[in-house]
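Novice: Please read through the structure below; I'll follow up with questions.
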Amino acid sequence: METGNMRSPALADYGLLGDTRTAALVSADGGIDWLCAPTFDGDPVFGALLGGPEAGTFRACPALPAERLVRRYRPHTATLETVWATDGGTLTLTEAMVAEVSGRLLPTTLLIRRLAADGAPVQAAVDFDPRLGERRLRPRVRRGQHLVCEWGALAMSLGCSGGLRVEPGTTTAVTVVPGRPVVMVLALAYTEPLVWVDPDTAWDLVEADESRWRDWASGISQDVPFREAVLRSLLTLKLLTYSPSGAPVAAPTTSLPEDPGGVRNWDYRYAWPRDASIGIAAFLGLGKDGEALNFLNWLLHASRLQRPRLPALLTLTGRHVPRERTLADWPGYAGSAPVRTGNGAAHQHQLDGYGWVLDAAWNLVRQGHRLNSETWRAMRGFTDLVARRWREPDAGIWEIRGDPAHHVHSKIMGWLALDRALRIAESHRLSAGRRRRWEAARSAISADIRTKGFDPDRNTYIRSYGSADLDSALLILPVTGFEEPGSSRLQGTVDAVRTELSAGYPFLYRYPPGKDGLPGDEGAFLPCSFWLAQALALTGRAAEAAEMFEALLGFAGPLGLFSEEIDPATGALLGNYPQALTHAALVQAALALRDAACEQPLAEPVETKPAETKPAG
């Protein structure tokens, strides 16, 4: 992508490395251009993605221009492999972060990169230039057995095999000889001892981690349509879950533009209970109950000081999200400023979040789990709040930065919260008076929606009371049970949204472009397209759903990763990347296809394999 005088790799060319505590984005030319420490929402130590070259990078690649032959994840793992053709041979960069460090004397964050030559020696280059935070601070450097970079409480070490000596801020030449790989081990420590890992044995840690990832993936049923794409999405969701607390992060990045050159740049390195609940439904649908239980445990901890209010978003440890501010002198991705940290949506009232959370709890109960007393107490509190406040306007799922409105999707999700709480109460204790209040509120909100939120002339639910606009979030109607499966209103809403919010097949806008009070445009919203595929599958149009799902997979990045939005004209990915909500919606659409196939067999879908791609040109 090019904006002004700046050139940046396309977002789709970045791969994700992660350890379930933080994550790195690595470009197709071997540059780690984004890595925050010590956690997803910490300060970047490599920030070239947004801050330009002086914000730091860690590059390992051929010294001379070379053709890239293969770039892929090793099957069913989080290990990334890039192969270049060189004179007389190939150079392979294999890299991963170690997710499982408990029970061993290992750094909390451990990134391992290995360069290996085949056929003939290869000249490679290593650029190691860490900088910290908004001021892009150079580290204090000391060298002993290995290189150590320090910024107060944060320390980073780099150890290299074969006597390779790397100096920060310079390019180091290295000859990679067949049979003698060069291994680089980067470790991070924050307010704790910096543990050194021998580069000659570090690769064993990656292989052990790969084995754990493959074992985890093997538990996914073989009957899931488009299984490889589903597995990559689930692995991505796992990598975006902060394992110390169980909080799913919306994305590992901030300020990647939804409108290049515009103002729609937001910080997504936090946990949205709504988005997390959608991801939990994806895990539950594939038998991964542990992830759902961890999320509910985090939610109980994170919301305890504000209950019964459910914050729209929280930090990974359950604290208030920092105030939104702009970083000075950061040019942004492809010159697209501003670069922001914090998120102003944290203080919004968003009614729909309660419905998603209660639905996640109900799905756990439906699968045989009983909520403990504290969890059920929290869910009752959330439901009581919905019963009291559903008549109020809210900011809605799309977090419009303007006056609140009576969003129909929010009202439906308020109805869902009440409905799911009443279902849970069938097997959990509830007073008769509370049950009557919830039932009365559920009936009242249903009548209100059907009266004020429906356009009978077009046979569709609308975006908000008094508006003629539509909202792609209404595509979740089929999973709520608010309408019967064969309902004319349900079918009419799906058809109307598909037609009126089309951004060109297979894409949808969230709502009519330009109707959110912000300047500029935005791309098509990818989760909505997967919600449409899901809705089609659930309303008896499974063949259309499968066709659409397969078309959408064709717009994934070469590594099978999706961002939040896409430019419908060019296919360029837009917004924060990779985006958990998109990958969760992908999995849920695949599950709807599976369920539809059980009722009416489909032609076997063609597997889309995002691995082993060769770049154009």
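Starting from 1 in every chain, residues are counted up; chains themselves are A, B, ... following the order of the structure tokens, and ligands are numbered from 1 as listed.
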Considering only alpha helix (DSSP H) as DSSP defines it on the backbone, what residues of segment 308-389 of chain A qualify? List them as a PyMOL selection string.
Specialist: chain A and resi 352-366+373-389
Novice: Take the residues just selected and output them with N, CA and C atoms as an mmCIF file, in the first residue's frame.
Specialist:
```
data_model
loop_
_atom_site.group_PDB
_atom_site.id
_atom_site.type_symbol
_atom_site.label_atom_id
_atom_site.label_comp_id
_atom_site.auth_asym_id
_atom_site.auth_seq_id
_atom_site.Cartn_x
_atom_site.Cartn_y
_atom_site.Cartn_z
ATOM 1 N N ASP A 352 -26.366 -4.318 23.662
ATOM 2 C CA ASP A 352 -26.240 -5.631 23.023
ATOM 3 C C ASP A 352 -25.248 -6.534 23.726
ATOM 4 N N GLY A 353 -24.226 -5.963 24.388
ATOM 5 C CA GLY A 353 -23.217 -6.789 25.032
ATOM 6 C C GLY A 353 -23.798 -7.760 26.044
ATOM 7 N N TYR A 354 -24.852 -7.347 26.738
ATOM 8 C CA TYR A 354 -25.469 -8.217 27.749
ATOM 9 C C TYR A 354 -26.065 -9.460 27.088
ATOM 10 N N GLY A 355 -26.668 -9.269 25.918
ATOM 11 C CA GLY A 355 -27.242 -10.421 25.232
ATOM 12 C C GLY A 355 -26.192 -11.429 24.811
ATOM 13 N N TRP A 356 -25.071 -10.932 24.274
ATOM 14 C CA TRP A 356 -24.009 -11.855 23.853
ATOM 15 C C TRP A 356 -23.472 -12.653 25.043
ATOM 16 N N VAL A 357 -23.259 -11.969 26.169
ATOM 17 C CA VAL A 357 -22.700 -12.651 27.336
ATOM 18 C C VAL A 357 -23.675 -13.682 27.896
ATOM 19 N N LEU A 358 -24.955 -13.315 28.028
ATOM 20 C CA LEU A 358 -25.939 -14.283 28.534
ATOM 21 C C LEU A 358 -26.092 -15.457 27.585
ATOM 22 N N ASP A 359 -25.970 -15.203 26.283
ATOM 23 C CA ASP A 359 -26.047 -16.292 25.318
ATOM 24 C C ASP A 359 -24.866 -17.241 25.473
ATOM 25 N N ALA A 360 -23.663 -16.683 25.728
ATOM 26 C CA ALA A 360 -22.498 -17.537 25.954
ATOM 27 C C ALA A 360 -22.701 -18.398 27.196
ATOM 28 N N ALA A 361 -23.238 -17.801 28.252
ATOM 29 C CA ALA A 361 -23.492 -18.569 29.473
ATOM 30 C C ALA A 361 -24.527 -19.664 29.221
ATOM 31 N N TRP A 362 -25.573 -19.328 28.462
ATOM 32 C CA TRP A 362 -26.597 -20.319 28.152
ATOM 33 C C TRP A 362 -26.023 -21.472 27.333
ATOM 34 N N ASN A 363 -25.154 -21.163 26.396
ATOM 35 C CA ASN A 363 -24.546 -22.220 25.599
ATOM 36 C C ASN A 363 -23.725 -23.168 26.464
ATOM 37 N N LEU A 364 -23.055 -22.634 27.465
ATOM 38 C CA LEU A 364 -22.328 -23.497 28.401
ATOM 39 C C LEU A 364 -23.290 -24.408 29.161
ATOM 40 N N VAL A 365 -24.379 -23.814 29.658
ATOM 41 C CA VAL A 365 -25.372 -24.598 30.400
ATOM 42 C C VAL A 365 -25.973 -25.663 29.496
ATOM 43 N N ARG A 366 -26.275 -25.288 28.272
ATOM 44 C CA ARG A 366 -26.881 -26.231 27.331
ATOM 45 C C ARG A 366 -25.968 -27.418 27.055
ATOM 46 N N SER A 373 -22.271 -20.404 41.818
ATOM 47 C CA SER A 373 -23.155 -19.402 42.424
ATOM 48 C C SER A 373 -22.726 -17.981 42.067
ATOM 49 N N GLU A 374 -21.413 -17.705 42.035
ATOM 50 C CA GLU A 374 -20.964 -16.355 41.722
ATOM 51 C C GLU A 374 -21.272 -16.001 40.264
ATOM 52 N N THR A 375 -21.067 -16.967 39.367
ATOM 53 C CA THR A 375 -21.354 -16.701 37.958
ATOM 54 C C THR A 375 -22.834 -16.438 37.747
ATOM 55 N N TRP A 376 -23.673 -17.246 38.330
ATOM 56 C CA TRP A 376 -25.117 -17.070 38.177
ATOM 57 C C TRP A 376 -25.570 -15.762 38.825
ATOM 58 N N ARG A 377 -24.949 -15.379 39.942
ATOM 59 C CA ARG A 377 -25.276 -14.093 40.569
ATOM 60 C C ARG A 377 -24.941 -12.946 39.615
ATOM 61 N N ALA A 378 -23.779 -13.026 38.963
ATOM 62 C CA ALA A 378 -23.394 -11.978 38.010
ATOM 63 C C ALA A 378 -24.357 -11.938 36.832
ATOM 64 N N MET A 379 -24.758 -13.094 36.323
ATOM 65 C CA MET A 379 -25.670 -13.139 35.190
ATOM 66 C C MET A 379 -27.038 -12.590 35.571
ATOM 67 N N ARG A 380 -27.472 -12.857 36.787
ATOM 68 C CA ARG A 380 -28.752 -12.300 37.250
ATOM 69 C C ARG A 380 -28.668 -10.776 37.321
ATOM 70 N N GLY A 381 -27.519 -10.274 37.792
ATOM 71 C CA GLY A 381 -27.349 -8.827 37.864
ATOM 72 C C GLY A 381 -27.388 -8.182 36.493
ATOM 73 N N PHE A 382 -26.705 -8.801 35.518
ATOM 74 C CA PHE A 382 -26.747 -8.277 34.149
ATOM 75 C C PHE A 382 -28.176 -8.255 33.623
ATOM 76 N N THR A 383 -28.917 -9.326 33.906
ATOM 77 C CA THR A 383 -30.285 -9.434 33.398
ATOM 78 C C THR A 383 -31.195 -8.409 34.052
ATOM 79 N N ASP A 384 -31.014 -8.184 35.338
ATOM 80 C CA ASP A 384 -31.796 -7.156 36.021
ATOM 81 C C ASP A 384 -31.555 -5.790 35.392
ATOM 82 N N LEU A 385 -30.306 -5.504 35.061
ATOM 83 C CA LEU A 385 -30.005 -4.211 34.447
ATOM 84 C C LEU A 385 -30.702 -4.074 33.098
ATOM 85 N N VAL A 386 -30.693 -5.143 32.310
ATOM 86 C CA VAL A 386 -31.379 -5.100 31.017
ATOM 87 C C VAL A 386 -32.871 -4.844 31.231
ATOM 88 N N ALA A 387 -33.446 -5.523 32.202
ATOM 89 C CA ALA A 387 -34.877 -5.344 32.459
ATOM 90 C C ALA A 387 -35.198 -3.902 32.844
ATOM 91 N N ARG A 388 -34.239 -3.230 33.506
ATOM 92 C CA ARG A 388 -34.465 -1.838 33.918
ATOM 93 C C ARG A 388 -34.185 -0.840 32.801
ATOM 94 N N ARG A 389 -33.190 -1.129 31.960
ATOM 95 C CA ARG A 389 -32.666 -0.082 31.081
ATOM 96 C C ARG A 389 -32.946 -0.308 29.592
#
```
Novice: Write out as a list in words all residues of segment 54-93 of chain A that DSSP puts in strand (DSSP E) for this structure's backbone.
Specialist: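 For segment 54-93 of chain A, the strand (DSSP E) set is Thr57, Phe58, Arg59, Ala60, Cys61, Pro62, Glu67, Arg68, Leu69, Val70, Arg71, Arg72, Tyr73, Leu80, Glu81, Thr82, Val83, Trp84, Ala85, Thr86, Gly89, Thr90, Leu91, Thr92 and Leu93 of chain A.
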Novice: Tell me which protein, DNA and RNA residues are within 6 Å of segment 161-176 of chain A, counting only C-alpha atoms, leaving out same-chain ones fewer than 6 positions away, and put them as a list of chain:residue names.
Specialist: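 My reading of the contact set: A:Ala117, A:Pro121, A:Val122, A:Gln123, A:Ala124, A:Ala125, A:Val126, A:Asp127, A:Phe128, A:Asp129, A:Val182, A:Val183, A:Pro199.
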Novice: So that I have them on file, write out the residues from the current selection with C-alpha atoms, as a PDB file, in the first residue's frame.
Specialist:
```
ATOM      1  CA  ALA A 117      20.323 -22.874   3.804  1.00  0.00           C
ATOM      2  CA  PRO A 121      25.754 -21.218   1.299  1.00  0.00           C
ATOM      3  CA  VAL A 122      23.504 -18.143   1.341  1.00  0.00           C
ATOM      4  CA  GLN A 123      24.337 -14.582   2.253  1.00  0.00           C
ATOM      5  CA  ALA A 124      21.718 -13.279   4.683  1.00  0.00           C
ATOM      6  CA  ALA A 125      21.193 -10.013   6.545  1.00  0.00           C
ATOM      7  CA  VAL A 126      19.902  -9.322  10.036  1.00  0.00           C
ATOM      8  CA  ASP A 127      18.609  -5.892  11.115  1.00  0.00           C
ATOM      9  CA  PHE A 128      17.990  -5.642  14.845  1.00  0.00           C
ATOM     10  CA  ASP A 129      16.832  -2.213  15.967  1.00  0.00           C
ATOM     11  CA  VAL A 182      21.625 -19.864  12.434  1.00  0.00           C
ATOM     12  CA  VAL A 183      19.244 -19.611  15.393  1.00  0.00           C
ATOM     13  CA  PRO A 199      20.232 -20.922  20.889  1.00  0.00           C
TER      14      PRO A 199
END
```
Novice: Can you tell me, as a VMD selection string, what residues are no more than 12 Å from Ser467 of chain A when counting only C-alpha atoms, ignoring any on the same chain fewer than 3 positions away?
Specialist: chain A and resid 405 to 408 452 to 455 461 to 464 470 to 471 511 to 512 515
Novice: Within 9 Å of segment 286-289 of chain A, counting only C-alpha atoms, which residues show up once you throw out same-chain ones fewer than 4 positions away? Write them as a PDB file with N, CA and C atoms, in the first residue's frame, please.
Specialist:
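Result file around_8.pdb:
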```pdb
ATOM      1  N   GLY A 219      -8.308 -32.334  17.936  1.00  0.00           N
ATOM      2  CA  GLY A 219      -9.597 -32.537  18.583  1.00  0.00           C
ATOM      3  C   GLY A 219     -10.759 -31.913  17.838  1.00  0.00           C
ATOM      4  N   ILE A 220     -10.486 -31.200  16.752  1.00  0.00           N
ATOM      5  CA  ILE A 220     -11.552 -30.586  15.969  1.00  0.00           C
ATOM      6  C   ILE A 220     -12.126 -31.627  15.014  1.00  0.00           C
ATOM      7  N   SER A 221     -13.434 -31.767  15.056  1.00  0.00           N
ATOM      8  CA  SER A 221     -14.097 -32.812  14.275  1.00  0.00           C
ATOM      9  C   SER A 221     -13.763 -32.715  12.793  1.00  0.00           C
ATOM     10  N   VAL A 224     -16.331 -30.799   9.933  1.00  0.00           N
ATOM     11  CA  VAL A 224     -16.535 -29.361   9.795  1.00  0.00           C
ATOM     12  C   VAL A 224     -16.199 -28.950   8.362  1.00  0.00           C
ATOM     13  N   ILE A 280     -16.347 -17.268  21.939  1.00  0.00           N
ATOM     14  CA  ILE A 280     -16.620 -18.398  22.822  1.00  0.00           C
ATOM     15  C   ILE A 280     -17.636 -19.339  22.189  1.00  0.00           C
ATOM     16  N   ALA A 281     -18.644 -18.781  21.533  1.00  0.00           N
ATOM     17  CA  ALA A 281     -19.624 -19.628  20.850  1.00  0.00           C
ATOM     18  C   ALA A 281     -18.944 -20.468  19.782  1.00  0.00           C
ATOM     19  N   ALA A 282     -17.944 -19.892  19.113  1.00  0.00           N
ATOM     20  CA  ALA A 282     -17.205 -20.647  18.103  1.00  0.00           C
ATOM     21  C   ALA A 282     -16.457 -21.805  18.741  1.00  0.00           C
ATOM     22  N   LEU A 293     -15.011 -21.493  29.537  1.00  0.00           N
ATOM     23  CA  LEU A 293     -14.955 -21.398  30.993  1.00  0.00           C
ATOM     24  C   LEU A 293     -13.923 -20.369  31.433  1.00  0.00           C
ATOM     25  N   ASN A 294     -12.776 -20.333  30.751  1.00  0.00           N
ATOM     26  CA  ASN A 294     -11.758 -19.339  31.092  1.00  0.00           C
ATOM     27  C   ASN A 294     -12.284 -17.920  30.865  1.00  0.00           C
ATOM     28  N   LEU A 364     -23.055 -22.634  27.465  1.00  0.00           N
ATOM     29  CA  LEU A 364     -22.328 -23.497  28.401  1.00  0.00           C
ATOM     30  C   LEU A 364     -23.290 -24.408  29.161  1.00  0.00           C
ATOM     31  N   GLN A 367     -24.655 -27.201  27.174  1.00  0.00           N
ATOM     32  CA  GLN A 367     -23.709 -28.285  26.935  1.00  0.00           C
ATOM     33  C   GLN A 367     -23.351 -29.048  28.199  1.00  0.00           C
ATOM     34  N   LEU A 591     -19.933 -23.645  11.170  1.00  0.00           N
ATOM     35  CA  LEU A 591     -20.763 -24.520  12.003  1.00  0.00           C
ATOM     36  C   LEU A 591     -22.205 -24.535  11.501  1.00  0.00           C
TER      37      LEU A 591
END
```
Novice: Do you know which residues are at most 9 Å from segment 492-497 of chain A counting only C-alpha atoms, after dropping those on the same chain fewer than 5 positions away, and could you put them as JSON, numbers by chain?
Specialist: {"A": [458, 459, 460, 461, 462, 470, 471, 472, 474, 475, 477, 487, 502, 508, 532, 535, 536]}
Novice: May I have the residues from that selection written out with N, CA, C and O atoms, as a CSV table (one decimal), in the first residue's frame?
Specialist:
```csv
chain,number,residue,atom,x,y,z
A,458,ARG,N,-41.3,-2.8,3.5
A,458,ARG,CA,-40.2,-3.5,3.0
A,458,ARG,C,-40.0,-4.9,3.6
A,458,ARG,O,-39.1,-5.7,3.2
A,459,ASN,N,-40.8,-5.2,4.6
A,459,ASN,CA,-40.8,-6.5,5.3
A,459,ASN,C,-39.4,-6.8,5.9
A,459,ASN,O,-38.8,-7.8,5.7
A,460,THR,N,-38.9,-5.8,6.6
A,460,THR,CA,-37.6,-5.9,7.2
A,460,THR,C,-37.5,-5.1,8.5
A,460,THR,O,-38.1,-4.1,8.7
A,461,TYR,N,-36.7,-5.7,9.4
A,461,TYR,CA,-36.3,-4.9,10.6
A,461,TYR,C,-35.3,-3.8,10.2
A,461,TYR,O,-34.6,-4.0,9.2
A,462,ILE,N,-35.3,-2.7,10.9
A,462,ILE,CA,-34.5,-1.6,10.5
A,462,ILE,C,-33.4,-1.3,11.5
A,462,ILE,O,-33.3,-2.0,12.6
A,470,LEU,N,-31.0,0.3,7.2
A,470,LEU,CA,-30.8,-1.1,7.6
A,470,LEU,C,-29.5,-1.2,8.3
A,470,LEU,O,-28.6,-0.4,8.3
A,471,ASP,N,-29.3,-2.4,8.9
A,471,ASP,CA,-28.1,-2.7,9.8
A,471,ASP,C,-27.7,-4.1,9.6
A,471,ASP,O,-28.5,-5.0,9.8
A,472,SER,N,-26.5,-4.4,9.1
A,472,SER,CA,-26.1,-5.8,8.9
A,472,SER,C,-26.0,-6.6,10.2
A,472,SER,O,-26.0,-7.8,10.1
A,474,LEU,N,-28.3,-7.1,12.0
A,474,LEU,CA,-29.6,-7.8,12.1
A,474,LEU,C,-29.5,-9.2,11.5
A,474,LEU,O,-30.4,-10.0,11.7
A,475,LEU,N,-28.4,-9.5,10.8
A,475,LEU,CA,-28.2,-10.8,10.3
A,475,LEU,C,-28.0,-11.9,11.3
A,475,LEU,O,-28.1,-13.1,11.0
A,477,LEU,N,-30.2,-12.4,13.6
A,477,LEU,CA,-31.5,-12.8,14.0
A,477,LEU,C,-31.8,-14.3,14.0
A,477,LEU,O,-32.4,-14.8,14.9
A,487,SER,N,-40.1,-17.7,9.5
A,487,SER,CA,-40.8,-16.4,9.6
A,487,SER,C,-40.5,-15.5,8.4
A,487,SER,O,-39.4,-15.4,7.9
A,502,SER,N,-25.3,-4.2,0.2
A,502,SER,CA,-24.3,-4.9,-0.6
A,502,SER,C,-23.2,-3.9,-0.9
A,502,SER,O,-23.4,-2.8,-1.3
A,508,LEU,N,-20.5,-6.8,2.4
A,508,LEU,CA,-21.6,-6.0,2.9
A,508,LEU,C,-21.0,-4.8,3.7
A,508,LEU,O,-19.9,-4.9,4.3
A,532,LEU,N,-23.9,-13.2,7.1
A,532,LEU,CA,-24.9,-13.5,6.0
A,532,LEU,C,-24.8,-14.9,5.6
A,532,LEU,O,-25.8,-15.6,5.4
A,535,ALA,N,-26.6,-16.8,8.2
A,535,ALA,CA,-28.0,-16.6,8.2
A,535,ALA,C,-28.6,-17.4,7.0
A,535,ALA,O,-29.7,-18.0,7.1
A,536,LEU,N,-28.0,-17.4,5.9
A,536,LEU,CA,-28.5,-18.2,4.7
A,536,LEU,C,-28.5,-19.7,5.1
A,536,LEU,O,-29.5,-20.4,4.7
```
Novice: Excluding same-chain residues fewer than 5 positions from Arg594 of chain A, what lies within 9 Å of it counting only C-alpha atoms, as a ChimeraX atom specification?
Specialist: /A:223-225,537,589
Novice: Take the residues that were just selected and, keeping C-alpha atoms, output them as an mmCIF file, in the first residue's frame.
Specialist:
```cif
data_model
loop_
_atom_site.group_PDB
_atom_site.id
_atom_site.type_symbol
_atom_site.label_atom_id
_atom_site.label_comp_id
_atom_site.auth_asym_id
_atom_site.auth_seq_id
_atom_site.Cartn_x
_atom_site.Cartn_y
_atom_site.Cartn_z
ATOM 1 C CA ASP A 223 -16.976 -33.143 9.666
ATOM 2 C CA VAL A 224 -16.535 -29.361 9.795
ATOM 3 C CA PRO A 225 -16.797 -27.839 6.307
ATOM 4 C CA ALA A 537 -27.478 -21.589 6.090
ATOM 5 C CA ALA A 589 -20.681 -19.688 9.642
#
```
Novice: Determine the nearest neighbour of Pro338 of chain A from the options A:Pro260, A:Gly560, A:Gly285, A:Pro393, counting only C-alpha atoms.
Specialist: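 Nearest candidate to Pro338 of chain A out of A:Pro260, A:Gly560, A:Gly285, A:Pro393: A:Pro260.
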Novice: Between A:Ala334, A:Pro513, A:Ser488, A:Leu194, which residue has the minimum interatomic distance to Ala10 of chain A, considering only C-alpha atoms?
Specialist: A:Ala334
Novice: Please, which residues in segment 520-565 of chain A fall within 12 Å of segment 67-81 of chain A when counting only C-alpha atoms, and what is the closest atom pair and distance in Å to one decimal for each, ordered by chain then residue number, as a tab-separated table?
Specialist:
```
residue	atom	partner	partner_atom	distance
A:Gly557	CA	A:Arg72	CA	11.0
A:Pro558	CA	A:Arg72	CA	7.9
A:Leu559	CA	A:Arg72	CA	6.0
A:Gly560	CA	A:Arg72	CA	9.2
A:Leu561	CA	A:Tyr73	CA	11.0
```
Novice: Using only C-alpha atoms, which of A:Gly523, A:Gly31, A:Pro65, A:Gly261 sits nearest Leu501 of chain A?
Specialist: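 Using only C-alpha atoms, Leu501 of chain A sits closest to A:Gly523.
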Novice: Restricting the calculation to only C-alpha atoms, which member of A:Ile566, A:Leu313, A:Leu115, A:Leu11 is positioned closest to Ala271 of chain A?
Specialist: A:Leu313
Novice: For atom CA of Ala337 of chain A and atom CA of Asp259 of chain A, determine how far apart the two atoms are, in Å to one decimal place.
Specialist: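 Computing the Euclidean distance for atom CA of Ala337 of chain A and atom CA of Asp259 of chain A yields 10.4 Å.
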